[in-house]
file coords.txt (compact mmCIF, C-alpha atoms)
# COMPACT_ATOMS: atom_id res chain seq x y z
CA ASP A 128 0.00 0.00 0.00
CA ALA A 129 1.18 3.53 -0.70
CA ILE A 130 0.23 7.13 0.03
CA SER A 131 1.47 9.63 -2.55
CA ILE A 132 2.26 13.28 -1.99
CA ASP A 133 -1.00 14.15 -3.75
CA ASP A 134 -2.91 11.99 -1.26
CA LEU A 135 -1.14 13.68 1.67
CA LEU A 136 -2.05 17.12 0.36
CA ARG A 137 -5.66 16.13 -0.35
CA PHE A 138 -6.28 14.44 3.00
CA GLY A 139 -4.63 17.23 4.99
CA ASP A 140 -3.08 14.86 7.58
CA SER A 141 -0.61 16.63 9.82
CA ASP A 142 1.91 13.81 10.26
CA VAL A 143 2.79 10.24 9.29
CA ALA A 144 0.86 8.67 12.17
CA ALA A 145 -2.36 10.41 11.08
CA ALA A 146 -1.87 9.37 7.44
CA LEU A 147 -1.27 5.69 8.23
CA LYS A 148 -4.74 5.37 9.76
CA ARG A 149 -6.09 5.34 6.20
CA ILE A 150 -4.24 2.14 5.26
CA VAL A 151 -6.03 -1.19 5.54
CA GLY A 152 -4.22 -3.54 7.92
CA VAL A 153 -2.36 -0.72 9.70
CA ALA A 154 -3.38 0.58 13.12
CA VAL A 155 -1.87 3.46 15.10
CA THR A 156 -1.63 3.14 18.87
CA GLY A 157 -1.15 6.08 21.21
CA GLY A 158 -1.22 8.42 18.22
CA LYS A 159 2.45 7.52 17.57
CA TYR A 160 3.19 3.85 16.94
CA ALA A 161 2.31 1.79 13.88
CA ASN A 162 0.91 -1.73 14.10
CA VAL A 163 0.99 -3.72 10.85
CA ARG A 164 -1.30 -6.77 10.56
CA GLY A 165 -1.42 -7.00 14.36
CA LEU A 166 2.38 -6.93 14.75
CA ASP A 167 3.99 -4.16 16.79
CA GLY A 168 7.36 -2.42 16.59
CA ARG A 169 9.38 -5.51 17.49
CA TYR A 170 8.56 -6.95 14.07
CA ILE A 171 8.41 -3.90 11.80
CA SER A 172 10.88 -1.18 10.88
CA SER A 173 10.63 2.36 9.61
CA THR A 174 12.98 3.97 7.10
CA LEU A 175 13.38 7.50 5.79
CA ASN A 176 14.86 7.66 2.29
CA GLY A 177 16.13 4.12 2.77
CA SER A 178 17.86 4.73 6.12
CA LEU A 179 16.68 2.99 9.30
CA MET A 180 15.66 5.51 11.92
CA PRO A 181 16.55 5.65 15.61
CA SER A 182 13.81 5.94 18.23
CA THR A 183 12.84 8.66 20.70
CA ASP A 184 11.25 6.22 23.16
CA PRO A 185 13.48 4.98 26.02
CA PHE A 186 11.51 1.72 26.30
CA ARG A 187 10.73 0.84 22.66
CA ARG A 188 12.68 0.36 19.44
CA ASP A 189 9.96 1.56 17.07
CA VAL A 190 9.79 5.14 15.85
CA GLN A 191 7.28 7.70 17.09
CA LEU A 192 5.73 8.57 13.74
CA ASP A 193 3.88 11.70 14.87
CA LEU A 194 7.27 13.45 14.90
CA PHE A 195 7.41 13.45 11.07
CA PRO A 196 5.20 16.17 9.53
CA ALA A 197 3.44 15.71 6.23
CA GLU A 198 4.97 18.95 4.88
CA ILE A 199 8.37 17.34 4.26
CA LEU A 200 7.12 14.02 2.89
CA GLY A 201 7.13 12.86 -0.71
CA GLY A 202 5.19 9.67 0.00
CA ILE A 203 4.71 6.65 2.27
CA GLU A 204 4.88 2.97 1.32
CA ILE A 205 3.82 0.13 3.61
CA GLN A 206 5.03 -3.40 2.88
CA LYS A 207 3.21 -6.05 4.90
CA SER A 208 5.49 -9.04 4.36
CA PHE A 209 9.19 -9.83 4.41
CA THR A 210 11.40 -9.70 1.31
CA ALA A 211 15.11 -10.20 0.80
CA ASP A 212 15.94 -6.48 0.63
CA LEU A 213 14.72 -5.85 4.21
CA PRO A 214 16.75 -6.01 7.44
CA GLY A 215 16.68 -9.40 9.14
CA ASP A 216 14.65 -8.18 12.13
CA THR A 217 11.85 -6.90 9.90
CA THR A 218 9.69 -10.02 9.82
CA GLY A 219 6.34 -8.25 9.88
CA GLY A 220 6.88 -5.56 7.28
CA ILE A 221 8.28 -2.10 6.85
CA ILE A 222 7.13 1.51 6.62
CA ARG A 223 9.12 3.35 3.96
CA MET A 224 8.95 7.13 4.07
CA THR A 225 10.47 9.40 1.45
CA SER A 226 11.01 13.12 1.85
CA ARG A 227 10.33 15.78 -0.75
CA ASP A 228 12.43 15.53 -3.88
CA LEU A 229 13.93 18.22 -6.09
CA PRO A 230 11.34 20.60 -7.59
CA GLU A 231 10.55 20.43 -11.29
CA GLU A 232 10.10 24.21 -11.42
CA ASN A 233 10.55 27.29 -9.26
CA GLU A 234 8.14 27.65 -6.35
CA PHE A 235 7.57 29.87 -3.36
CA GLY A 236 4.95 29.81 -0.64
CA LEU A 237 4.13 31.51 2.64
CA SER A 238 1.10 30.63 4.75
CA VAL A 239 -0.37 31.51 8.13
CA SER A 240 -3.06 29.49 9.87
CA LEU A 241 -5.32 29.94 12.88
CA GLY A 242 -7.37 27.20 14.50
CA PHE A 243 -10.11 26.83 17.06
CA VAL A 244 -10.26 23.75 19.31
CA ASP A 245 -13.57 23.10 21.03
CA GLY A 246 -13.03 22.70 24.75
CA ALA A 247 -9.56 24.30 24.68
CA THR A 248 -9.46 27.62 22.83
CA GLY A 249 -10.59 30.43 25.11
CA GLU A 250 -10.86 28.12 28.14
CA ASP A 251 -8.92 28.50 31.40
CA LEU A 252 -6.52 25.55 31.25
CA LEU A 253 -4.11 24.12 33.79
CA SER A 254 -0.63 25.61 33.57
CA TYR A 255 2.42 26.46 35.66
CA GLU A 256 5.41 28.77 35.53
CA GLY A 257 7.67 27.92 32.59
CA SER A 258 10.70 29.35 30.81
CA ASP A 259 10.96 32.18 28.31
CA GLY A 260 11.88 29.72 25.54
CA ASP A 261 8.71 27.62 25.84
CA ILE A 262 7.03 29.55 23.03
CA LEU A 263 9.69 28.14 20.65
CA GLY A 264 9.61 24.68 22.22
CA MET A 265 13.03 25.08 23.83
CA ASP A 266 13.57 25.26 27.57
CA ASP A 267 16.00 28.09 28.32
CA GLY A 268 17.65 26.30 31.24
CA LEU A 269 15.02 26.82 33.95
CA ARG A 270 14.35 23.06 34.12
CA GLU A 271 17.98 21.93 33.95
CA LEU A 272 19.46 19.92 36.80
CA PRO A 273 21.44 22.41 38.93
CA GLY A 274 25.21 22.04 38.63
CA GLY A 275 25.63 21.65 42.39
CA ILE A 276 23.43 18.55 42.42
CA ARG A 277 25.10 16.99 39.39
CA SER A 278 28.57 17.49 40.89
CA ASN A 279 27.47 15.49 43.96
CA LEU A 280 26.30 12.46 42.00
CA SER A 281 28.16 9.50 43.43
CA ASN A 282 30.94 7.88 41.39
CA GLY A 283 29.20 8.56 38.10
CA ASN A 284 26.37 6.21 39.12
CA PHE A 285 23.90 9.09 39.16
CA ARG A 286 22.68 8.37 42.66
CA PHE A 287 23.22 9.80 46.11
CA SER A 288 21.31 9.82 49.40
CA ILE A 289 21.24 11.34 52.88
CA CYS A 290 23.58 9.73 55.44
CA GLN A 291 21.63 7.70 58.02
CA PHE A 292 24.47 7.00 60.45
CA GLU A 293 28.00 8.17 61.16
CA GLY A 294 30.68 6.74 58.90
CA GLN A 295 28.32 5.87 56.06
CA SER A 296 29.92 6.32 52.60
CA ASN A 297 28.53 7.59 49.31
CA CYS A 298 26.10 9.93 51.04
CA ILE A 299 25.69 13.56 52.07
CA SER A 300 24.62 15.19 55.32
CA GLN A 301 21.12 16.51 55.93
CA GLU A 302 22.47 20.06 55.86
CA GLU A 303 24.13 19.48 52.49
CA GLY A 304 20.95 17.86 51.16
CA ALA A 305 18.85 20.84 52.25
CA ALA A 306 21.31 23.23 50.58
CA LEU A 307 21.20 21.25 47.32
CA ALA A 308 17.39 21.09 47.41
CA GLY A 309 17.38 24.86 47.70
CA GLN A 310 19.00 25.08 44.26
CA LEU A 311 15.89 23.60 42.64
CA PRO A 312 13.33 26.10 41.30
CA ASN A 313 10.48 26.37 43.81
CA ILE A 314 7.77 25.82 41.18
CA TYR A 315 5.04 23.35 42.12
CA ASN A 316 1.67 25.12 42.03
CA THR A 317 -0.61 25.06 39.03
CA THR A 318 -2.47 28.09 37.72
CA ARG A 319 -5.24 28.70 35.20
CA GLU A 320 -4.46 30.50 31.95
CA SER A 321 -6.70 31.28 28.99
CA ALA A 322 -5.75 29.25 25.92
CA GLY A 323 -5.32 31.17 22.70
CA PRO A 324 -6.08 29.86 19.20
CA ASP A 325 -3.83 27.37 17.46
CA PHE A 326 -1.29 29.12 15.25
CA GLY A 327 0.87 28.01 12.35
CA LEU A 328 3.42 29.60 10.04
CA ALA A 329 5.01 27.90 7.02
CA ALA A 330 7.42 29.04 4.30
CA LYS A 331 8.86 27.17 1.34
CA LEU A 332 11.24 28.02 -1.49
CA GLY A 333 12.29 25.89 -4.46
CA ARG A 334 14.50 26.70 -7.42
CA ARG A 335 15.72 24.81 -10.50
CA TYR A 336 18.60 26.00 -12.67
CA GLU A 337 19.19 24.43 -16.07
CA ARG A 338 22.78 24.10 -17.30
CA GLU A 339 24.34 22.59 -20.39
CA THR A 340 25.41 19.39 -18.61
CA GLY A 341 22.47 19.02 -16.23
CA ASP A 342 20.25 20.73 -13.67
CA PHE A 343 20.93 22.02 -10.18
CA ALA A 344 17.91 22.35 -7.90
CA PHE A 345 16.98 22.81 -4.28
CA TYR A 346 13.87 22.88 -2.10
CA SER A 347 13.64 24.23 1.45
CA SER A 348 10.86 24.59 3.98
CA LEU A 349 10.43 25.94 7.49
CA THR A 350 7.31 25.40 9.61
CA TYR A 351 6.18 26.47 13.07
CA ASP A 352 3.03 25.29 14.81
CA GLN A 353 1.63 25.71 18.30
CA GLY A 354 -1.61 24.54 19.84
CA TYR A 355 -3.49 23.53 22.98
CA ALA A 356 -5.18 20.28 23.96
CA SER A 357 -7.37 19.50 26.96
CA ARG A 358 -9.07 16.56 28.62
CA GLN A 359 -11.42 17.67 31.39
CA GLU A 360 -13.23 15.65 34.04
CA ALA A 361 -12.17 12.29 32.64
CA SER A 362 -12.97 9.49 35.07
CA PHE A 363 -11.24 6.35 36.27
CA ASN A 364 -12.47 3.46 38.41
CA ASP A 365 -10.27 0.48 39.24
CA THR A 366 -9.70 -1.86 42.14
CA ASP A 367 -7.58 0.67 44.05
CA ALA A 368 -9.16 4.06 43.41
CA VAL A 369 -12.00 5.98 41.81
CA GLY A 370 -12.01 9.61 40.70
CA THR A 371 -11.58 12.16 37.93
CA TYR A 372 -8.66 13.92 36.32
CA ASP A 373 -7.87 16.87 34.04
CA TRP A 374 -4.83 17.29 31.82
CA ASP A 375 -4.03 20.25 29.65
CA SER A 376 -1.10 20.64 27.30
CA PHE A 377 0.62 23.18 25.10
CA ALA A 378 2.55 21.78 22.12
CA VAL A 379 5.05 23.42 19.77
CA SER A 380 6.66 22.01 16.63
CA LEU A 381 9.50 23.64 14.70
CA ASN A 382 10.74 21.88 11.55
CA GLY A 383 13.26 22.61 8.82
CA TYR A 384 14.06 20.75 5.59
CA LEU A 385 16.54 21.25 2.75
CA VAL A 386 17.17 19.07 -0.31
CA ALA A 387 19.74 20.07 -2.92
CA GLY A 388 21.22 18.13 -5.78
CA TRP A 389 22.59 17.84 -9.27
CA VAL A 390 20.96 15.81 -12.04
CA SER A 391 23.39 15.18 -14.88
CA ASP A 392 22.54 14.63 -18.53
CA ASN A 393 25.11 11.82 -18.53
CA GLY A 394 23.03 9.48 -16.31
CA TRP A 395 24.25 10.25 -12.79
CA ASP A 396 22.85 12.32 -9.97
CA VAL A 397 23.62 13.21 -6.36
CA LEU A 398 21.27 14.48 -3.64
CA SER A 399 21.76 15.90 -0.16
CA LYS A 400 18.85 15.93 2.29
CA THR A 401 19.01 17.72 5.64
CA ILE A 402 16.18 17.35 8.15
CA ILE A 403 15.63 19.04 11.52
CA LEU A 404 12.42 18.15 13.40
CA ARG A 405 11.53 19.40 16.88
CA ASP A 406 8.39 18.73 18.90
CA SER A 407 7.76 19.89 22.48
CA GLU A 408 4.85 19.40 24.88
CA ASP A 409 4.17 21.09 28.20
CA ARG A 410 1.56 19.17 30.20
CA ALA A 411 -0.09 19.68 33.58
CA THR A 412 -2.23 16.91 35.12
CA TYR A 413 -4.47 17.16 38.19
CA GLU A 414 -6.15 14.03 39.54
CA VAL A 415 -8.77 13.86 42.32
CA GLY A 416 -9.78 10.48 43.69
CA PHE A 417 -10.65 8.22 46.60
CA ASN A 418 -8.20 5.51 47.67
CA LYS A 419 -10.37 2.46 48.37
CA LYS A 420 -7.63 0.55 50.17
CA ASP A 421 -6.58 3.29 52.61
CA GLU A 422 -9.98 5.02 52.56
CA VAL A 423 -8.52 8.50 52.04
CA ASP A 424 -9.12 11.31 49.58
CA GLU A 425 -6.12 11.88 47.31
CA THR A 426 -5.02 14.47 44.78
CA LEU A 427 -2.12 13.99 42.39
CA THR A 428 -0.34 16.76 40.46
CA VAL A 429 2.10 16.08 37.61
CA LEU A 430 4.03 18.80 35.75
CA GLU A 431 5.96 17.58 32.72
CA TRP A 432 7.92 19.09 29.85
CA VAL A 433 9.11 16.85 26.98
CA GLU A 434 11.27 17.82 24.01
CA ARG A 435 11.76 15.44 21.06
CA GLN A 436 14.19 16.04 18.23
CA PHE A 437 15.27 14.31 15.01
CA LEU A 438 18.37 15.36 13.06
CA GLY A 439 19.18 13.70 9.76
CA GLN A 440 21.76 14.17 7.02
CA GLN A 441 21.61 11.89 3.99
CA ILE A 442 23.63 11.69 0.78
CA ASP A 443 22.28 9.66 -2.14
CA GLY A 444 23.83 9.17 -5.56
CA SER A 445 23.29 6.98 -8.61
CA ILE A 446 25.41 6.17 -11.64
CA SER A 447 24.32 4.57 -14.93
CA LEU A 448 26.66 1.83 -16.12
CA PHE A 449 26.75 -0.05 -19.43
CA GLY A 450 23.78 1.92 -20.65
CA ASN A 451 21.04 0.20 -18.64
CA HIS A 452 22.69 -0.85 -15.34
CA GLU A 453 22.35 1.34 -12.25
CA LEU A 454 24.60 1.62 -9.19
CA ARG A 455 23.10 3.53 -6.24
CA LEU A 456 25.03 4.55 -3.13
CA ARG A 457 23.66 6.13 0.02
CA ALA A 458 24.91 7.23 3.41
CA GLY A 459 22.93 8.62 6.32
CA LEU A 460 23.67 10.06 9.73
CA SER A 461 20.75 10.49 12.14
CA GLN A 462 20.22 11.36 15.77
CA THR A 463 17.13 11.38 17.93
CA ASN A 464 16.84 12.96 21.34
CA ARG A 465 14.14 12.88 24.00
CA LEU A 466 14.62 15.30 26.88
CA SER A 467 12.29 15.46 29.89
CA PRO A 468 13.85 17.83 32.44
CA ASP A 469 12.43 18.43 35.92
CA ARG A 470 9.27 16.33 35.84
CA ARG A 471 7.44 17.05 39.12
CA GLU A 472 4.93 14.80 40.86
CA TYR A 473 3.38 15.03 44.35
CA GLN A 474 0.24 14.03 46.31
CA TYR A 475 -2.10 15.38 48.96
CA ARG A 476 -4.06 12.96 51.17
CA ASN A 477 -7.07 14.33 53.08
CA ASN A 478 -5.78 17.82 52.17
CA VAL A 479 -2.37 17.14 53.78
CA PHE A 480 0.77 17.33 51.66
CA ILE A 481 2.70 14.03 51.71
CA ALA A 482 6.37 14.94 51.34
CA SER A 483 7.45 11.36 50.62
CA THR A 484 5.41 11.39 47.37
CA LEU A 485 7.35 14.32 45.94
CA GLU A 486 9.60 13.31 43.04
CA ARG A 487 11.54 15.37 40.54
CA SER A 488 13.06 13.44 37.65
CA TYR A 489 15.39 14.27 34.78
CA SER A 490 15.68 12.01 31.73
CA ASP A 491 17.74 12.41 28.58
CA LEU A 492 17.74 9.85 25.75
CA THR A 493 20.05 10.18 22.74
CA GLU A 494 20.33 7.61 19.96
CA ASP A 495 22.74 7.91 17.02
CA GLY A 496 22.42 6.00 13.78
CA LEU A 497 24.72 5.42 10.82
CA ASP A 498 23.49 3.81 7.58
CA LEU A 499 25.55 2.82 4.55
CA GLY A 500 23.88 1.20 1.56
CA LEU A 501 24.70 0.03 -1.94
CA ASP A 502 22.32 -1.31 -4.60
CA TYR A 503 23.13 -2.61 -8.06
CA GLU A 504 20.35 -3.26 -10.56
CA MET A 505 20.69 -4.87 -13.98
CA PRO A 506 18.15 -6.10 -16.54
CA LEU A 507 18.26 -9.73 -17.64
CA GLN A 508 16.50 -10.84 -20.80
CA ILE A 509 16.23 -14.58 -21.45
CA ASN A 510 14.39 -14.32 -24.78
CA ASP A 511 11.86 -12.09 -26.49
CA TRP A 512 9.10 -12.81 -23.98
CA LEU A 513 10.98 -13.63 -20.75
CA PHE A 514 12.92 -10.90 -18.96
CA THR A 515 13.47 -9.63 -15.42
CA ASN A 516 15.59 -7.32 -13.29
CA LEU A 517 18.27 -8.56 -10.92
CA LYS A 518 19.06 -6.46 -7.88
CA PHE A 519 21.94 -6.94 -5.45
CA GLY A 520 22.65 -4.86 -2.37
CA VAL A 521 24.18 -4.49 1.03
CA LEU A 522 23.08 -2.46 4.03
CA SER A 523 25.08 -1.62 7.14
CA ASN A 524 23.29 -0.05 10.10
CA THR A 525 24.70 0.79 13.54
CA ARG A 526 22.96 2.43 16.48
CA ASP A 527 24.32 3.79 19.72
CA ARG A 528 21.89 4.65 22.53
CA ASP A 529 22.59 6.57 25.74
CA ASN A 530 19.83 7.03 28.31
CA GLU A 531 20.23 8.98 31.56
CA LEU A 532 17.60 9.03 34.31
CA ILE A 533 17.95 10.91 37.60
CA ARG A 534 15.29 10.85 40.34
CA LEU A 535 15.23 13.18 43.34
CA GLY A 536 12.92 12.71 46.32
CA VAL A 537 12.36 13.80 49.90
CA LEU A 538 13.50 11.69 52.84
CA THR A 539 10.96 11.81 55.69
call {"tool": "encode", "arguments": {"input": "coords.txt", "output": "structure tokens"}}
result
Amino acid sequence: DAISIDDLLRFGDSDVAAALKRIVGVAVTGGKYANVRGLDGRYISSTLNGSLMPSTDPFRRDVQLDLFPAEILGGIEIQKSFTADLPGDTTGGIIRMTSRDLPEENEFGLSVSLGFVDGATGEDLLSYEGSDGDILGMDDGLRELPGGIRSNLSNGNFRFSICQFEGQSNCISQEEGAALAGQLPNIYNTTRESAGPDFGLAAKLGRRYERETGDFAFYSSLTYDQGYASRQEASFNDTDAVGTYDWDSFAVSLNGYLVAGWVSDNGWDVLSKTIILRDSEDRATYEVGFNKKDEVDETLTVLEWVERQFLGQQIDGSISLFGNHELRLRAGLSQTNRLSPDRREYQYRNNVFIASTLERSYSDLTEDGLDLGLDYEMPLQINDWLFTNLKFGVLSNTRDRDNELIRLGVLT
């Protein structure tokens, strides 16, 4: 199954995850992850311009597809069975994404959009004090782990605690702990702020220059989007608790794309594709419930900021050999990053603050990928009515993942 660029423009889907919902046999879970014929990310892979992509999820290998906006895509192809040209761990199929190619003619566009979301726009939504860079989806350092705390992390193991008895090692005194806690921003309370309309800004520029020996062309785009989402008075009822909760979020995406290349009249071409994708979400959650086991009223507050980023640089070239043979080479560097600084969570029970429930966490996931590929295709004709194409290739893919998680709590 395939979705062309014309289909993407006609449907108006905002990202890959939204577009895949239209394919038979493909389901999208959590608004991010693809499920092909009932098989999840352990059995399927996702590629962009032929390169396997790293993930932004610390607990899963599959790619969060809502990070890839439709504006940069040239098409999507979904293969639901294994073939010899796929990586060995792709037993369930593959999602092939291609980005925009070189323009056939000069183009320029600038657009501004405003949107209204029922239940969010104009409503007083949960919020809290943030940084000056939130409007661009970039924390300006307010949520960073203070340097004094990081310097006290024990032996590089990213853990330390309060000393409980004299002579204990790998710990700090209560006085030192109190001083370090004082370096953390004293921001816990939620407020109510009126949500404005969704806003978007997009610009694109493409040029093609004809020369005697070939054409040089490029296409570039830059998009910015921001918007609010809200879930109010949702309910839960399980064996431990019953109650309601609200969560409100403010999301920002900032994306850039550039493709440039040379198409020769002599049967060879080379392309460079540079991709920068950023997506940030600021969410506040407030939960009110009754603990059936302890028979107490409880409230839970969670304040969370998450930044996701994809950086990609790809070089692709092809050469015609012997008139009708083709050799294609490609190389790709990619990096994904998921940053969740200073996530705060705490509880009240019967209107009394429970200090032991307070937790501030800092997580930072970075995954680097390197792809090298070579394909050689040649036609083979047996006789006048029997002919085929033979294709040989090799793919090398390496990934390096680093995940840091730091939790801070209160000792009572």
call {"tool": "atom_distance", "arguments": {"input": "coords.txt", "atom1": "CA of Glu531 (chain A)", "atom2": "CA of Leu307 (chain A)"}}
result
20.0 Å
call {"tool": "closest_residue", "arguments": {"input": "coords.txt", "among": "A:Arg405, A:Arg526, A:Arg319, A:Arg476", "to": "Arg188 (chain A)", "atoms": "all atoms listed in the file"}}
result
A:Arg526
call {"tool": "closest_residue", "arguments": {"input": "coords.txt", "among": "A:Leu332, A:Ile314, A:Leu398, A:Ala305", "to": "Arg455 (chain A)", "atoms": "only C-alpha atoms"}}
result
A:Leu398
call {"tool": "atom_distance", "arguments": {"input": "coords.txt", "atom1": "CA of Ala344 (chain A)", "atom2": "CA of Gly327 (chain A)"}}
result
27.1 Å
call {"tool": "closest_residue", "arguments": {"input": "coords.txt", "among": "A:Arg335, A:Arg471, A:Arg358, A:Arg465", "to": "Glu232 (chain A)", "atoms": "all atoms listed in the file"}}
result
A:Arg335
call {"tool": "residues_around", "arguments": {"input": "coords.txt", "residues": "Phe343 (chain A)", "least_positions_apart": "2", "cutoff": "7 Å", "atoms": "only C-alpha atoms", "output": "list of chain:residue names"}}
result
A:Arg335, A:Tyr336, A:Glu337, A:Gly341, A:Gly388, A:Trp389, A:Val390
call {"tool": "write_last_selection", "arguments": {"input": "coords.txt", "atoms": "C-alpha atoms", "output": "CSV table (one decimal), keeping the file's coordinate frame"}}
result
chain,number,residue,atom,x,y,z
A,335,ARG,CA,15.7,24.8,-10.5
A,336,TYR,CA,18.6,26.0,-12.7
A,337,GLU,CA,19.2,24.4,-16.1
A,341,GLY,CA,22.5,19.0,-16.2
A,388,GLY,CA,21.2,18.1,-5.8
A,389,TRP,CA,22.6,17.8,-9.3
A,390,VAL,CA,21.0,15.8,-12.0
call {"tool": "residues_around", "arguments": {"input": "coords.txt", "residues": "region 190-207 of chain A", "least_positions_apart": "5", "cutoff": "8 Å", "atoms": "only C-alpha atoms", "output": "number ranges by chain"}}
result
A: 128-132, 135, 140-145, 158-161, 163-164, 168, 173, 180-184, 219-228, 348, 384, 404-406, 435
call {"tool": "atom_distance", "arguments": {"input": "coords.txt", "atom1": "CA of Asp421 (chain A)", "atom2": "CA of Tyr473 (chain A)"}}
result
17.5 Å
call {"tool": "residues_near_point", "arguments": {"input": "coords.txt", "point": "(23.0, 22.3, 40.2)", "cutoff": "10 Å", "atoms": "only C-alpha atoms", "output": "PyMOL selection string"}}
result
chain A and resi 271-279+307-311
call {"tool": "residues_around", "arguments": {"input": "coords.txt", "residues": "Glu504 (chain A)", "least_positions_apart": "5", "cutoff": "10 Å", "atoms": "all atoms listed in the file", "output": "count of residues only"}}
result
12
call {"tool": "closest_atom_pairs", "arguments": {"input": "coords.txt", "of": "region 276-363 of chain A", "to": "region 251-259 of chain A", "cutoff": "6 Å", "atoms": "all atoms listed in the file", "output": "CSV"}}
result
residue,atom,partner,partner_atom,distance
A:Thr317,CA,A:Tyr255,CA,4.7
A:Thr318,CA,A:Ser254,CA,5.2
A:Arg319,CA,A:Leu253,CA,4.9
A:Glu320,CA,A:Asp251,CA,4.9
A:Ser321,CA,A:Asp251,CA,4.3
call {"tool": "closest_residue", "arguments": {"input": "coords.txt", "among": "A:Gln353, A:Asn313, A:Thr217, A:Thr401", "to": "Asp469 (chain A)", "atoms": "only C-alpha atoms"}}
result
A:Asn313
call {"tool": "closest_residue", "arguments": {"input": "coords.txt", "among": "A:Gly536, A:Gly459, A:Gly242, A:Gly139", "to": "Asp443 (chain A)", "atoms": "all atoms listed in the file"}}
result
A:Gly459
call {"tool": "residues_near_point", "arguments": {"input": "coords.txt", "point": "(-13.6, 10.5, 37.3)", "cutoff": "9 Å", "atoms": "all atoms listed in the file", "output": "list of chain:residue names"}}
result
A:Glu360, A:Ala361, A:Ser362, A:Phe363, A:Asn364, A:Val369, A:Gly370, A:Thr371, A:Tyr372, A:Glu414, A:Val415, A:Gly416
call {"tool": "residues_around", "arguments": {"input": "coords.txt", "residues": "Gly354 (chain A)", "least_positions_apart": "6", "cutoff": "7 Å", "atoms": "all atoms listed in the file", "output": "list in words"}}
result
Pro324, Asp325, Phe326, Phe377, Ala378 and Val379 of chain A
call {"tool": "residues_around", "arguments": {"input": "coords.txt", "residues": "Glu431 (chain A)", "least_positions_apart": "3", "cutoff": "8 Å", "atoms": "all atoms listed in the file", "output": "ChimeraX atom specification"}}
result
/A:409-411,467-471
call {"tool": "write_last_selection", "arguments": {"input": "coords.txt", "atoms": "C-alpha atoms", "output": "PDB file, in the coordinates of the input"}}
result
ATOM      1  CA  ASP A 409       4.170  21.090  28.200  1.00  0.00           C
ATOM      2  CA  ARG A 410       1.560  19.170  30.200  1.00  0.00           C
ATOM      3  CA  ALA A 411      -0.090  19.680  33.580  1.00  0.00           C
ATOM      4  CA  SER A 467      12.290  15.460  29.890  1.00  0.00           C
ATOM      5  CA  PRO A 468      13.850  17.830  32.440  1.00  0.00           C
ATOM      6  CA  ASP A 469      12.430  18.430  35.920  1.00  0.00           C
ATOM      7  CA  ARG A 470       9.270  16.330  35.840  1.00  0.00           C
ATOM      8  CA  ARG A 471       7.440  17.050  39.120  1.00  0.00           C
TER       9      ARG A 471
END
call {"tool": "axis_aligned_box", "arguments": {"input": "coords.txt", "around": "region 427-432 of chain A", "padding_each_side": "3 Å", "output": "lines of an AutoDock Vina configuration file"}}
result
center_x = 2.9
center_y = 16.5
center_z = 36.1
size_x = 16.0
size_y = 11.1
size_z = 18.5
call {"tool": "closest_residue", "arguments": {"input": "coords.txt", "among": "A:Gln508, A:Thr539, A:Thr426, A:Asn530", "to": "Ser483 (chain A)", "atoms": "all atoms listed in the file"}}
result
A:Thr539
call {"tool": "decode", "arguments": {"input": "coords.txt", "residues": "region 363-392 of chain A", "atoms": "C-alpha atoms", "output": "mmCIF file, in the first residue's frame"}}
result
data_model
loop_
_atom_site.group_PDB
_atom_site.id
_atom_site.type_symbol
_atom_site.label_atom_id
_atom_site.label_comp_id
_atom_site.auth_asym_id
_atom_site.auth_seq_id
_atom_site.Cartn_x
_atom_site.Cartn_y
_atom_site.Cartn_z
ATOM 1 C CA PHE A 363 -11.239 6.348 36.274
ATOM 2 C CA ASN A 364 -12.470 3.464 38.409
ATOM 3 C CA ASP A 365 -10.267 0.480 39.238
ATOM 4 C CA THR A 366 -9.698 -1.862 42.144
ATOM 5 C CA ASP A 367 -7.577 0.674 44.054
ATOM 6 C CA ALA A 368 -9.160 4.064 43.408
ATOM 7 C CA VAL A 369 -12.001 5.984 41.815
ATOM 8 C CA GLY A 370 -12.014 9.611 40.699
ATOM 9 C CA THR A 371 -11.582 12.158 37.932
ATOM 10 C CA TYR A 372 -8.657 13.924 36.316
ATOM 11 C CA ASP A 373 -7.872 16.865 34.043
ATOM 12 C CA TRP A 374 -4.833 17.288 31.823
ATOM 13 C CA ASP A 375 -4.026 20.252 29.649
ATOM 14 C CA SER A 376 -1.100 20.641 27.300
ATOM 15 C CA PHE A 377 0.618 23.185 25.096
ATOM 16 C CA ALA A 378 2.552 21.778 22.117
ATOM 17 C CA VAL A 379 5.046 23.419 19.768
ATOM 18 C CA SER A 380 6.662 22.013 16.628
ATOM 19 C CA LEU A 381 9.502 23.644 14.697
ATOM 20 C CA ASN A 382 10.745 21.883 11.547
ATOM 21 C CA GLY A 383 13.262 22.610 8.818
ATOM 22 C CA TYR A 384 14.056 20.753 5.593
ATOM 23 C CA LEU A 385 16.540 21.246 2.755
ATOM 24 C CA VAL A 386 17.173 19.073 -0.307
ATOM 25 C CA ALA A 387 19.736 20.069 -2.916
ATOM 26 C CA GLY A 388 21.220 18.130 -5.777
ATOM 27 C CA TRP A 389 22.592 17.838 -9.266
ATOM 28 C CA VAL A 390 20.959 15.811 -12.041
ATOM 29 C CA SER A 391 23.387 15.176 -14.884
ATOM 30 C CA ASP A 392 22.537 14.625 -18.525
#
